[in-house]
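Shown next: run_33.txt, given as compact mmCIF, C-alpha atoms.
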# COMPACT_ATOMS: atom_id res chain seq x y z
CA MET A 1 -80.28 1.86 -0.54
CA SER A 2 -82.05 0.58 2.56
CA GLY A 3 -78.91 -0.18 4.54
CA GLU A 4 -80.47 -3.44 5.72
CA PRO A 5 -78.04 -6.37 5.88
CA ILE A 6 -79.03 -9.71 4.38
CA LYS A 7 -78.64 -13.30 5.54
CA PRO A 8 -75.01 -14.39 6.02
CA ARG A 9 -73.41 -16.97 3.76
CA GLY A 10 -70.97 -18.47 6.26
CA GLY A 11 -67.24 -19.09 6.01
CA ASP A 12 -65.07 -15.97 5.99
CA ALA A 13 -67.63 -13.97 4.03
CA VAL A 14 -69.48 -11.00 5.43
CA SER A 15 -73.07 -10.58 4.30
CA ALA A 16 -74.10 -7.29 2.77
CA GLN A 17 -76.57 -5.75 0.39
CA ALA A 18 -76.48 -6.90 -3.21
CA ASP A 19 -74.93 -3.58 -4.29
CA GLY A 20 -71.98 -4.00 -1.98
CA ALA A 21 -71.65 -7.69 -1.24
CA PRO A 22 -68.10 -8.72 -0.43
CA SER A 23 -66.70 -11.86 -1.96
CA LYS A 24 -65.19 -14.63 0.09
CA ALA A 25 -61.62 -13.85 1.05
CA GLY A 26 -58.97 -16.28 -0.15
CA THR A 27 -55.24 -16.69 0.31
CA SER A 28 -53.32 -13.67 -0.98
CA THR A 29 -50.36 -13.99 -3.32
CA SER A 30 -47.58 -11.42 -3.48
CA GLU A 31 -49.02 -10.19 -6.80
CA ASP A 32 -52.46 -9.78 -5.19
CA ILE A 33 -50.99 -7.73 -2.37
CA THR A 34 -49.00 -5.52 -4.73
CA ALA A 35 -52.09 -4.90 -6.83
CA PHE A 36 -54.43 -3.97 -4.02
CA VAL A 37 -51.83 -1.75 -2.32
CA ALA A 38 -51.31 0.18 -5.57
CA LYS A 39 -55.04 0.56 -6.15
CA ALA A 40 -55.82 1.66 -2.60
CA ARG A 41 -53.03 4.24 -2.53
CA ALA A 42 -54.22 5.64 -5.85
CA LEU A 43 -57.52 6.50 -4.17
CA SER A 44 -55.74 9.22 -2.12
CA PRO A 45 -57.91 8.68 0.98
CA HIS A 46 -57.09 12.08 2.50
CA ALA A 47 -57.17 14.15 -0.69
CA PRO A 48 -58.84 17.58 -0.31
CA GLY A 49 -62.59 17.32 -0.83
CA ALA A 50 -62.63 13.53 -0.73
CA LYS A 51 -65.38 11.86 1.28
CA GLY A 52 -64.32 10.04 4.42
CA ARG A 53 -65.22 6.36 4.67
CA LEU A 54 -65.22 4.64 8.02
CA ILE A 55 -66.01 1.03 8.87
CA PHE A 56 -67.76 0.95 12.24
CA ALA A 57 -67.46 -2.60 13.57
CA LEU A 58 -69.15 -3.84 16.72
CA ASP A 59 -69.15 -7.04 18.72
CA ALA A 60 -72.87 -7.82 19.06
CA THR A 61 -72.57 -10.96 21.16
CA MET A 62 -74.75 -11.26 24.25
CA SER A 63 -72.40 -9.52 26.69
CA ARG A 64 -72.37 -6.44 24.48
CA GLN A 65 -76.01 -5.33 24.73
CA PRO A 66 -75.38 -2.37 27.10
CA THR A 67 -72.53 -1.09 24.92
CA TRP A 68 -74.52 -1.66 21.73
CA ASP A 69 -77.29 0.54 23.12
CA MET A 70 -74.71 3.15 24.09
CA ALA A 71 -73.14 3.06 20.63
CA CYS A 72 -76.58 3.57 19.09
CA ALA A 73 -76.93 6.77 21.10
CA LEU A 74 -73.43 8.01 20.32
CA GLN A 75 -73.01 7.22 16.63
CA ALA A 76 -74.52 10.56 15.57
CA ASP A 77 -71.56 12.29 17.25
CA MET A 78 -69.27 10.76 14.63
CA PHE A 79 -71.29 12.36 11.85
CA ARG A 80 -71.43 15.70 13.67
CA GLU A 81 -67.67 15.75 14.18
CA ALA A 82 -67.09 14.85 10.54
CA ALA A 83 -69.51 17.54 9.32
CA ALA A 84 -67.16 20.25 10.54
CA LEU A 85 -64.47 18.90 8.22
CA GLY A 86 -66.28 17.42 5.25
CA SER A 87 -68.53 14.41 4.87
CA LEU A 88 -68.51 10.87 6.19
CA ASP A 89 -69.91 7.55 5.02
CA ILE A 90 -70.13 4.72 7.54
CA ARG A 91 -70.42 1.01 6.84
CA LEU A 92 -71.69 -0.88 9.88
CA VAL A 93 -70.25 -4.37 10.37
CA TYR A 94 -71.30 -6.55 13.29
CA TYR A 95 -71.19 -10.16 14.37
CA ARG A 96 -73.27 -12.19 16.78
CA GLY A 97 -74.79 -15.63 17.32
CA PHE A 98 -73.53 -18.69 15.44
CA ASN A 99 -71.31 -17.69 12.51
CA GLU A 100 -73.39 -14.57 11.81
CA CYS A 101 -71.50 -11.54 10.53
CA ARG A 102 -73.26 -8.82 8.58
CA ALA A 103 -72.49 -5.52 6.89
CA THR A 104 -74.67 -2.67 5.71
CA GLY A 105 -74.16 -0.54 2.65
CA TRP A 106 -72.46 2.85 3.01
CA ILE A 107 -74.61 5.19 5.09
CA SER A 108 -74.23 8.97 5.19
CA ASP A 109 -77.22 9.80 7.41
CA SER A 110 -76.89 9.45 11.18
CA SER A 111 -80.64 8.99 11.71
CA LYS A 112 -80.67 6.16 9.17
CA LEU A 113 -77.79 4.42 10.91
CA ALA A 114 -79.45 4.90 14.31
CA THR A 115 -82.70 3.41 13.05
CA LEU A 116 -80.88 0.41 11.63
CA MET A 117 -78.90 -0.19 14.80
CA SER A 118 -82.01 0.05 16.96
CA LYS A 119 -83.45 -2.98 15.14
CA ILE A 120 -80.47 -5.19 15.96
CA ASP A 121 -80.35 -7.21 19.17
CA CYS A 122 -77.27 -8.88 20.63
CA ARG A 123 -77.03 -12.69 20.61
CA GLY A 124 -74.64 -15.13 22.21
CA GLY A 125 -71.72 -16.39 20.16
CA ASP A 126 -67.96 -16.36 19.58
CA THR A 127 -65.97 -13.41 18.26
CA GLN A 128 -65.50 -13.04 14.47
CA ILE A 129 -62.91 -10.29 14.28
CA GLY A 130 -61.20 -11.98 11.35
CA LYS A 131 -64.28 -11.40 9.20
CA VAL A 132 -64.30 -7.73 10.17
CA LEU A 133 -60.69 -7.36 9.04
CA SER A 134 -61.37 -9.23 5.80
CA GLU A 135 -64.30 -6.92 5.05
CA ALA A 136 -62.12 -3.87 5.72
CA ARG A 137 -59.48 -5.18 3.32
CA ARG A 138 -62.04 -5.81 0.59
CA GLU A 139 -63.57 -2.36 0.94
CA ALA A 140 -60.16 -0.69 1.06
CA VAL A 141 -59.48 -2.07 -2.40
CA ALA A 142 -62.99 -1.70 -3.81
CA SER A 143 -63.85 1.82 -2.75
CA GLY A 144 -61.34 3.18 -0.27
CA VAL A 145 -61.50 3.11 3.52
CA ARG A 146 -59.80 5.70 5.69
CA ALA A 147 -60.13 3.95 9.02
CA VAL A 148 -61.75 1.09 10.88
CA VAL A 149 -63.27 1.43 14.34
CA PHE A 150 -63.82 -1.73 16.35
CA VAL A 151 -65.59 -1.84 19.71
CA GLY A 152 -65.44 -5.09 21.67
CA ASP A 153 -64.42 -6.80 24.87
CA ALA A 154 -63.11 -10.24 23.87
CA MET A 155 -61.01 -12.18 21.33
CA GLU A 156 -61.56 -15.92 20.86
CA GLU A 157 -59.76 -16.52 17.56
CA LYS A 158 -56.25 -17.48 16.43
CA VAL A 159 -54.25 -14.32 16.98
CA ASP A 160 -51.69 -15.12 14.26
CA GLU A 161 -54.45 -15.28 11.65
CA LEU A 162 -55.81 -11.94 12.81
CA CYS A 163 -52.33 -10.45 12.65
CA ALA A 164 -51.88 -11.62 9.05
CA LYS A 165 -55.08 -9.81 8.06
CA ALA A 166 -54.04 -6.76 10.07
CA GLY A 167 -50.70 -6.69 8.27
CA GLU A 168 -52.48 -6.42 4.92
CA LEU A 169 -54.49 -3.45 6.22
CA GLY A 170 -51.25 -1.89 7.38
CA MET A 171 -49.85 -2.14 3.86
CA LEU A 172 -53.00 -0.41 2.62
CA LYS A 173 -52.52 2.40 5.15
CA VAL A 174 -55.88 1.66 6.78
CA PRO A 175 -55.49 2.12 10.55
CA VAL A 176 -57.69 0.15 12.92
CA PHE A 177 -58.80 1.92 16.09
CA LEU A 178 -59.69 -0.71 18.67
CA PHE A 179 -61.74 0.45 21.63
CA GLN A 180 -61.78 -2.20 24.33
CA GLU A 181 -64.39 -2.34 27.04
CA GLY A 182 -63.14 -4.01 30.20
CA HIS A 183 -59.86 -5.66 31.11
CA ASP A 184 -59.63 -8.99 29.29
CA THR A 185 -55.87 -9.51 28.94
CA VAL A 186 -56.10 -11.89 25.95
CA ALA A 187 -58.18 -9.35 24.05
CA GLU A 188 -55.86 -6.51 25.02
CA ARG A 189 -52.76 -8.27 23.68
CA ALA A 190 -54.49 -9.07 20.39
CA PHE A 191 -56.01 -5.60 20.02
CA ARG A 192 -52.71 -3.88 20.72
CA GLU A 193 -50.96 -6.00 18.07
CA ILE A 194 -53.67 -5.34 15.47
CA ALA A 195 -53.33 -1.62 16.18
CA ARG A 196 -49.55 -1.79 15.83
CA LEU A 197 -49.65 -3.70 12.54
CA THR A 198 -52.19 -1.36 10.95
CA GLY A 199 -50.68 1.86 12.23
CA GLY A 200 -53.79 2.43 14.33
CA ALA A 201 -54.38 2.70 18.04
CA TRP A 202 -55.78 0.79 21.01
CA CYS A 203 -57.67 2.43 23.85
CA ARG A 204 -59.62 1.10 26.78
CA PHE A 205 -62.85 2.59 28.03
CA ASP A 206 -64.65 1.73 31.23
CA PRO A 207 -67.86 -0.34 31.08
CA GLY A 208 -70.79 1.99 30.60
CA ALA A 209 -68.56 5.05 30.14
CA ALA A 210 -70.50 6.92 27.47
CA ALA A 211 -68.36 10.06 27.70
CA GLN A 212 -65.15 8.11 27.10
CA LEU A 213 -66.56 6.21 24.12
CA ARG A 214 -68.04 9.42 22.68
CA GLU A 215 -64.63 11.10 22.65
CA LEU A 216 -62.98 8.09 21.03
CA LEU A 217 -65.62 7.79 18.30
CA ARG A 218 -65.44 11.51 17.53
CA ALA A 219 -61.66 11.28 17.28
CA ALA A 220 -61.87 8.36 14.86
CA ALA A 221 -64.40 10.25 12.71
CA ALA A 222 -62.14 13.31 12.62
CA TYR A 223 -59.26 11.13 11.40
CA ALA A 224 -61.45 9.45 8.77
CA VAL A 225 -62.35 12.80 7.22
CA GLY A 226 -59.30 14.98 7.83
CA GLY A 227 -56.45 12.61 8.64
CA ARG A 228 -53.74 13.24 11.21
CA GLU A 229 -54.04 17.03 10.91
CA ALA A 230 -57.71 16.98 11.93
CA LEU A 231 -56.95 14.61 14.79
CA LEU A 232 -54.16 16.87 16.02
CA LYS A 233 -56.54 19.84 16.14
CA LEU A 234 -59.15 17.85 18.04
CA ALA A 235 -56.51 16.56 20.46
CA LYS A 236 -55.95 20.10 21.73
CA GLY A 237 -59.32 20.00 23.44
CA GLU A 238 -60.23 16.34 23.89
CA SER A 239 -58.39 13.60 25.73
CA GLY A 240 -59.82 10.88 23.47
CA ALA A 241 -58.14 12.37 20.41
CA ALA A 242 -54.92 12.86 22.34
CA ARG A 243 -54.91 9.18 23.32
CA LEU A 244 -55.17 8.16 19.67
CA ILE A 245 -52.68 10.59 18.19
CA GLY A 246 -50.05 9.44 20.68
CA GLN A 247 -50.11 5.95 19.16
CA LEU A 248 -50.44 6.68 15.45
CA LYS A 249 -47.36 6.03 13.33

Spit out the file's structure as structure tokens when you get a sec.
Amino acid sequence: MSGEPIKPRGGDAVSAQADGAPSKAGTSTSEDITAFVAKARALSPHAPGAKGRLIFALDATMSRQPTWDMACALQADMFREAAALGSLDIRLVYYRGFNECRATGWISDSSKLATLMSKIDCRGGDTQIGKVLSEARREAVASGVRAVVFVGDAMEEKVDELCAKAGELGMLKVPVFLFQEGHDTVAERAFREIARLTGGAWCRFDPGAAAQLRELLRAAAAYAVGGREALLKLAKGESGAARLIGQLK
């Protein structure tokens, strides 16, 4: 598996490799919701010895280039934190440009993820957070997802539609950790609500603050592998973990 994303198809779909390509999301019926909740819970995401799976989603629009570069440098810390507890697979999802949203396959090697990210440049465009949430829902049903990390600074979509998708993730017990760079109030309100509906957490980090983002990413990785117990242990020594555990339901 190369990990390289392929050309997007448009709509609400997220492009991915042929071995993990998500299908276009449609309107959910009550039967659909019941079925995917039952299937996802049966996966026992925090069972002893189970592999952690984390969706790492990034806004790659033009304003994000400095943070993208920082995330490239810090992503290995997520793997290192997880290694102390078990193992971690990461699926990178990013959006940029005009209606471009892509996803990689599951990656378990930090150097492979770093190499892939280094080849991606940021491009101007609107936010596509809805596609990120749809991809997380699909993966939660298909193969199990323990947590979603999203790093961004803006929200330009219909918040009610995002909340509907977030509510489905909440039913699946997939928390979304939203790490906001900057002080956009519209984004903050939306991110806080998504966190609330999914049982996740929202945290702000200062522009260019690598140390803050490092702590938050390590905390999310610890949760993805070891659940609340692992996050509680990490919170004893790191403020980033403490900030997350204080919000988790």

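Counting all atoms listed in the file, the residue from A:Leu213, A:Glu100, A:Ala187, A:Phe177 that sits nearest to A:Cys72 is A:Leu213.
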
With all atoms listed in the file counted, which protein, DNA or RNA residues have an atom no more than 8 Å from (-70.4, 11.6, 18.3) in the file frame? Please answer as a VMD selection string. chain A and resid 74 to 81 214 to 215 217 to 218

Report as a count of residues only all protein, DNA and RNA residues lying within 8 Å of A:Met155, evaluated on all atoms listed in the file, omitting residues in the same chain fewer than 6 positions from it. 5

Near A:Glu188, within 12 Å and counting only C-alpha atoms, which residues show up once chain neighbours fewer than 3 positions away are dropped, as a ChimeraX atom specification? /A:152-156,159,178-185,191-195,201-205

Within 7 Å of (-60.7, 1.0, 11.3) (coordinates as in the file), grab all the protein and nucleic acid residues, counting only C-alpha atoms, and write them out as a ChimeraX atom specification. /A:54-55,147-150,174-177

Between atom CA of A:Ser15 and atom CA of A:Glu139, what is the distance, to one decimal in Å? 13.0 Å

Nearest to A:Met62 among A:Ala222, A:Val151, A:Cys122, A:Ala209, with distances taken over only C-alpha atoms: which residue is it? A:Cys122

Write out N, CA, C and O atoms for stretch 117-128 of chain A, as a compact mmCIF listing (two decimals), keeping the file's coordinate frame.
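New file rebuild.txt:
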# COMPACT_ATOMS: atom_id res chain seq x y z
N MET A 117 -79.49 0.41 13.62
CA MET A 117 -78.90 -0.19 14.80
C MET A 117 -79.94 -0.52 15.87
O MET A 117 -79.80 -1.51 16.60
N SER A 118 -80.98 0.28 15.95
CA SER A 118 -82.01 0.05 16.96
C SER A 118 -82.80 -1.23 16.71
O SER A 118 -83.45 -1.75 17.61
N LYS A 119 -82.73 -1.75 15.48
CA LYS A 119 -83.45 -2.98 15.14
C LYS A 119 -82.63 -4.23 15.40
O LYS A 119 -83.12 -5.35 15.23
N ILE A 120 -81.37 -4.05 15.78
CA ILE A 120 -80.47 -5.19 15.96
C ILE A 120 -80.32 -5.52 17.44
O ILE A 120 -80.02 -4.65 18.25
N ASP A 121 -80.54 -6.78 17.79
CA ASP A 121 -80.35 -7.21 19.17
C ASP A 121 -79.10 -8.09 19.26
O ASP A 121 -78.69 -8.71 18.29
N CYS A 122 -78.49 -8.08 20.42
CA CYS A 122 -77.27 -8.88 20.63
C CYS A 122 -77.64 -10.34 20.90
O CYS A 122 -78.66 -10.63 21.54
N ARG A 123 -76.80 -11.25 20.44
CA ARG A 123 -77.03 -12.69 20.61
C ARG A 123 -75.73 -13.37 20.98
O ARG A 123 -74.66 -12.97 20.53
N GLY A 124 -75.83 -14.42 21.76
CA GLY A 124 -74.64 -15.13 22.21
C GLY A 124 -73.86 -15.74 21.05
O GLY A 124 -74.44 -16.13 20.04
N GLY A 125 -72.55 -15.81 21.21
CA GLY A 125 -71.72 -16.39 20.16
C GLY A 125 -70.26 -16.03 20.35
O GLY A 125 -69.91 -15.25 21.23
N ASP A 126 -69.39 -16.63 19.51
CA ASP A 126 -67.96 -16.36 19.58
C ASP A 126 -67.61 -15.12 18.76
O ASP A 126 -68.37 -14.69 17.89
N THR A 127 -66.42 -14.57 19.01
CA THR A 127 -65.97 -13.41 18.26
C THR A 127 -65.66 -13.80 16.81
O THR A 127 -65.30 -14.94 16.52
N GLN A 128 -65.78 -12.83 15.90
CA GLN A 128 -65.50 -13.04 14.47
C GLN A 128 -64.73 -11.83 13.93
O GLN A 128 -65.07 -11.26 12.89
